[in-house]
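Q: The structure follows.
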Amino acid sequence: MIVKIAFRNTLRQKRRTVLTALTMVGGFVLAAVSIGWSDGTYSFIIDMFTRNRLGHIQVHRKGYLDKPSLYRTIDRYQEVGRQIGDIEGVESWAPRLFAAGLASVKDKSSAVQVLGIDPEKEQKATRFDRKITRGKSLSQKPNHEAVLGKGLAQVLDAGLSQEIVIVSQAADGSIANDLYTITGIATSGDDTSDRTALYLHLDEAQELFALPGQVHEIAVVVKDLDRVDPITEQIRETLNDPELEVAPWQEFAKDFYKAMKLDQEGMWIMIFVIILIVAVSVLNTVLMSVLERTREYGVQKAVGTRPKNIFWQVILEINVIAGASILAGVLLSLLANHLLSINEITLPFSFSYGGMEFKKMYAEINLRTIIIPATTVILSALIVSVFPAFRAARIEPAKAMRIH
Amino acid sequence: MMKTLCFTVVVVSFLSFPVTGISQELDVAQIVKEIDNLYRSDSSYARLEMEIVTPHWERTLKMNAWTEGMEKTFIRITSPPKEEGVATLRIGNEMWNYLPKTNKVIKVPPSMMMSSWMGSDFNNDDLVREFTFLEDYDYEETTAENAQEDLIYIRFTPKPDLPIVWGKVVAAVRKKDSIPVWEKYYDEKDRLMRVLNFKEIKAFDGRTIPAVMELVPQNKEGHTTVIRYIELDFNPQISGDIFSLRNLRTQR
Amino acid sequence: MIIWKDIKLSWRNLFRNKRRSFIAGTAIGIGLASLIFVDATIIGMKNNMIRSATASFMGEGQIHAVGFRQTLEVDRTIHRRGWVIAQLDQEDIVRHYAPRVTNFAMINSAAEVSSINLVGVEPESEKYLSQIDDSLEKGTFFQGDSSRDIIIGKKLAETLDVELDDRVVVTAAQAGTGELAQEMFRISGIFRMNIREMDSGIAFIRLNKAQELFGLGDKIHEIALQFPSPEYGSREELAFWNKFSQYGNEAVGWTKIMPQMKAALDLTDFSTYFIAVILFGVVALGIVNTLFMSLHERMFEFGVLRAVGTRPVGLFRLIVFEAGSLAVLSIFIGLFLGFALTYFTSRVGIDYSGVEFAGVTFRELLYPVLRVQQFIEYPIWVFVFTMIAGIYPAVYAAKMNPAKAMRKSL
């Protein structure tokens, strides 16, 4: 019965209902979009950054991350890689070998960090060719080619088609040395590493350093950033090898992760404020609409309505509106976020980082974009309806009717 | 590779100081002078083997080495086959390597010259400054555990402000011929850092000296480096052309 | 035409129903306060991000010889050093500067050897510019006058197995000749910055000792700069950069030295902008709503006014003025709240509890930054919006049939 009255009341006072609902819907949508946007851009940034070079997940020999060493390798990397590749959700994987050495072009020499890569896999996983600024990437089949980091090429005064000698100590203690032709220059986005980076074909690096079938790292790229953690766990289970450690990007890119978290927390302050304002707006609207109906409640009580019923009536009215608003809000905000997520917003500028061009941003649709605004609206509606409902219930009819 | 080559350069550069006569008196200063000059001469030629043991691999390199004065060193590796023909030339602070496989001569940048010491069993001061016990340390006779009658034990403390990392060095020397048996290197907190053992005393070109030097780091598991002289000529006639870039490339 | 009388009337009307006006005013005021607060917070956040990268060691700008940054060759020293320093002393916008020399070197302890960047600093200048002195876990920052003081990072100390007062030997190749030089030093300080490269790869000694060791005479490689605020380093149009990029030197701000940071900040900027627009939308919505409700309920009253002869345009003006008055009231409330909150947090800081930033020893507190602009621009927007929001009910009331209005019981 009360429900029916409540319902009818809302329909009767169209304008007031509409205004109240508008606040709720509007607030809901705006809050949802801001959350969707914020989440979307962060996922985007994280994805771009990790995909660029490091990968979402990395597999190493135990202890390698803490203390890298030429000897801490992953054996039979093809087998390990294949197992990883078979896991659902994994997009691609790339093996890498790291070693230090001395490189010389003509009469200039410098210390280098050799990176042995599988050109095909590296291309698929981190789009290596996008990093090449001059010349071209390594051939798929080993061909005694080398790609230099930008800073290294500068220090060695080296150009395309020149010969470069690499000397180092192999894993069996012997002198590792060989000749390669420079086919390309690359930027990875990290100036410091570019000053020493020298890319070789993995097979040739393995031969040079006497590490047959071994690599130091397998980088894994997943299809969906949100699934990094469960996939990490799955890789651990599948490999089932206590000698290998599997780490998600939050671990091996700790500095970046913390910077991102910091940034995101800053963003959340803003979103919190938005939510607060939405709550205040709802509060305000509802409060006013309840207060202004004091006289009406007075009349109701005068004709015998029980205080309890008035109380519930008020609450119900408001929450009916809230409920409807939330429904509308959900629909609208899903639409908005959806539009934003597929129609990337083009930045007014573009900038490059590590060979990646940042030009577009996306919003994200996730549960949070619905739950948080919904909770906010409901809670604020509930809270604010209690006090006036109370007061309405306790109104003295005569006094109430005299107000106006 | 770099480590072993540079290491060799270091060891061989011990062979470049004027020699003094051998004395019979038990005069500590005299003994110190003699152990300083054990391997030194104006010029030298040596055939030697270096055996390096690490937790990951073991190798034995054979090489021929020429020195002149303090400045010039030339080393040619003769074994194992993979490294045969590799040569190093050092003149003063410059160093070049020749690699037969690629037929290239590479100049080692000063930074790498030092970085080759990373992980090596020998320190920087072994390469750059030939410190002498006589001039750069204060020394006095001391005792040791399980002291042997025929040995004299000398403690060396580096003089202040010298770029030496050791807190002290203790040497055990044979009284009768001033030949060292071992040298123990300690840090300033009296922790034993490395032990240098001298073994297999033989006669080389008129001098009786240990043919084997064995370096055992105490703070790294499973590492040793052993140098064994097969042949050693003091002050031979050496042609100056040996210490040239061109010589790096000739297979000798 | 604005009539003073009407304004006074509208103002008084506002206070007739104090509760309603204050509720509405507070609601709008909170919106304004939040705009101010968020703006200040974002500035503080950006400053923190920049400072975290630059204040640890890099500085907000640097001067080098051209090519030094890319090659780090020890021979590339700053040209016309005397002139540069003299000019820096006179520059208003340079708050502090610190000269340095830097070179690749090897450091030996009895136990281990490691490769490092050896940096010679002037303790008095460096104190203001970098945070090494703040991150010392043990020892002091070049107190006393021993030229053999050396300060290293915690990780390096562990690798070398040394503690305070232990001796180490540093070997470096000198400028010009390439001769290797060696010196003995004693650990006089151990720092911990939680940045891997610093903690394991850098050692500091006194500037003149370093110059002596590297054979540099009185030449230097780098001058790190600090400006009144981090954003100077991003203003590429400043005449400052050109002035100090003469004679074969280059002066660059942190945006050029760390383009990744600039990229990340630009991205943040854009994101923030987007959300700020939303925030504004929410506030605007709140204003519109509030105004609607508070005016709408007075329809009866407006009907009466019309009935007793007020002209439509007069009613329109009245309502609009009331909206304006509400705006003014709200602005007062909002400015007060906004100032109070922002000022308070700008002193005390916002605590990012739980975030140990693996960056630098930078305060984990966010200090919002007050700007005069916030107190002028945003109130204007609020005023404008409130007025606009008042137009619809004003028009509605003006056009309404008085009888109908009075019948709109609430």
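Order determines the names: the first chain of the structure tokens is A, the second B, and so forth; residues in each chain are numbered 1 upward, and ligands are numbered 1 upward as they are shown.
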Need to verify the contact set: A:Leu22, 12 Å, only C-alpha atoms, exclusion of same-chain residues closer than 2 positions in sequence. Can you return it as a ChimeraX atom specification?

A: /A:14-20,24-30,278,281-282,285-286,321-322,324-326,328-329,377 /C:282,285-286,288-290,292-293

Q: Go through chain C and flag each residue having an atom no more than 8 Å from chain B; for those, report the closest pair of atoms plus their distance in Å to one decimal, using only C-alpha atoms, ordered by chain and rising number, as a tab-separated table.

A:
residue	atom	partner	partner_atom	distance
C:Phe104	CA	B:Ser111	CA	6.9
C:Ala105	CA	B:Ser111	CA	7.1
C:Met106	CA	B:Met114	CA	6.5
C:Asn108	CA	B:Val165	CA	7.0
C:Ser109	CA	B:Val165	CA	5.7
C:Ala110	CA	B:Val165	CA	5.2
C:Ala111	CA	B:Met193	CA	6.4
C:Glu112	CA	B:Gly119	CA	7.8
C:Val113	CA	B:Met118	CA	6.0
C:Ser114	CA	B:Met118	CA	6.4
C:Ser115	CA	B:Ser115	CA	6.7
C:Asp166	CA	B:Glu188	CA	7.1
C:Arg167	CA	B:Val165	CA	6.2
C:Val168	CA	B:Val165	CA	5.7
C:Val169	CA	B:Pro163	CA	5.3
C:Val170	CA	B:Pro163	CA	7.6
C:Thr171	CA	B:Asn124	CA	7.4
C:Ala172	CA	B:Ser111	CA	7.6
C:Ala173	CA	B:Pro110	CA	6.0
C:Gly178	CA	B:Pro110	CA	6.6
C:Glu179	CA	B:Asn93	CA	5.9
C:Leu180	CA	B:Asn93	CA	6.8
C:Gln182	CA	B:Pro163	CA	6.1
C:Glu183	CA	B:Pro163	CA	4.8
C:Met184	CA	B:Pro163	CA	4.1
C:Phe185	CA	B:Pro163	CA	7.8

Q: Would you mind listing, for every residue of chain A within 7 Å of chain B, the two atoms forming the shortest contact and the distance between them in Å to one decimal, using only C-alpha atoms, sorted by chain and ascending residue number, as JSON lines?

A:
{"residue": "A:Ser104", "atom": "CA", "partner": "B:Ile106", "partner_atom": "CA", "distance": 6.5}
{"residue": "A:Asp107", "atom": "CA", "partner": "B:Lys107", "partner_atom": "CA", "distance": 6.9}
{"residue": "A:Ser109", "atom": "CA", "partner": "B:Pro109", "partner_atom": "CA", "distance": 6.4}
{"residue": "A:Ser110", "atom": "CA", "partner": "B:Pro109", "partner_atom": "CA", "distance": 6.7}
{"residue": "A:Ala111", "atom": "CA", "partner": "B:Met112", "partner_atom": "CA", "distance": 6.8}
{"residue": "A:Ser168", "atom": "CA", "partner": "B:Met1", "partner_atom": "CA", "distance": 6.2}
{"residue": "A:Gln169", "atom": "CA", "partner": "B:Met1", "partner_atom": "CA", "distance": 4.8}
{"residue": "A:Asp172", "atom": "CA", "partner": "B:Trp57", "partner_atom": "CA", "distance": 5.5}
{"residue": "A:Gly173", "atom": "CA", "partner": "B:Trp57", "partner_atom": "CA", "distance": 6.2}
{"residue": "A:Ser174", "atom": "CA", "partner": "B:Met1", "partner_atom": "CA", "distance": 6.1}
{"residue": "A:Ile175", "atom": "CA", "partner": "B:Met1", "partner_atom": "CA", "distance": 4.6}
{"residue": "A:Asp178", "atom": "CA", "partner": "B:Thr102", "partner_atom": "CA", "distance": 5.9}
{"residue": "A:Leu179", "atom": "CA", "partner": "B:Thr102", "partner_atom": "CA", "distance": 6.1}

Q: For the alpha helix (DSSP H) assignment from backbone DSSP, which residues of stretch 100-177 of chain A qualify? Please present them as a PyMOL selection string.

A: chain A and resi 119-126+150-156

Q: Using only C-alpha atoms, which of A:Ala197, A:Ile84, A:Ile271, A:Leu65 sits nearest chain C?

A: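 With only C-alpha atoms as the atom set, the closest residue is A:Ile271.
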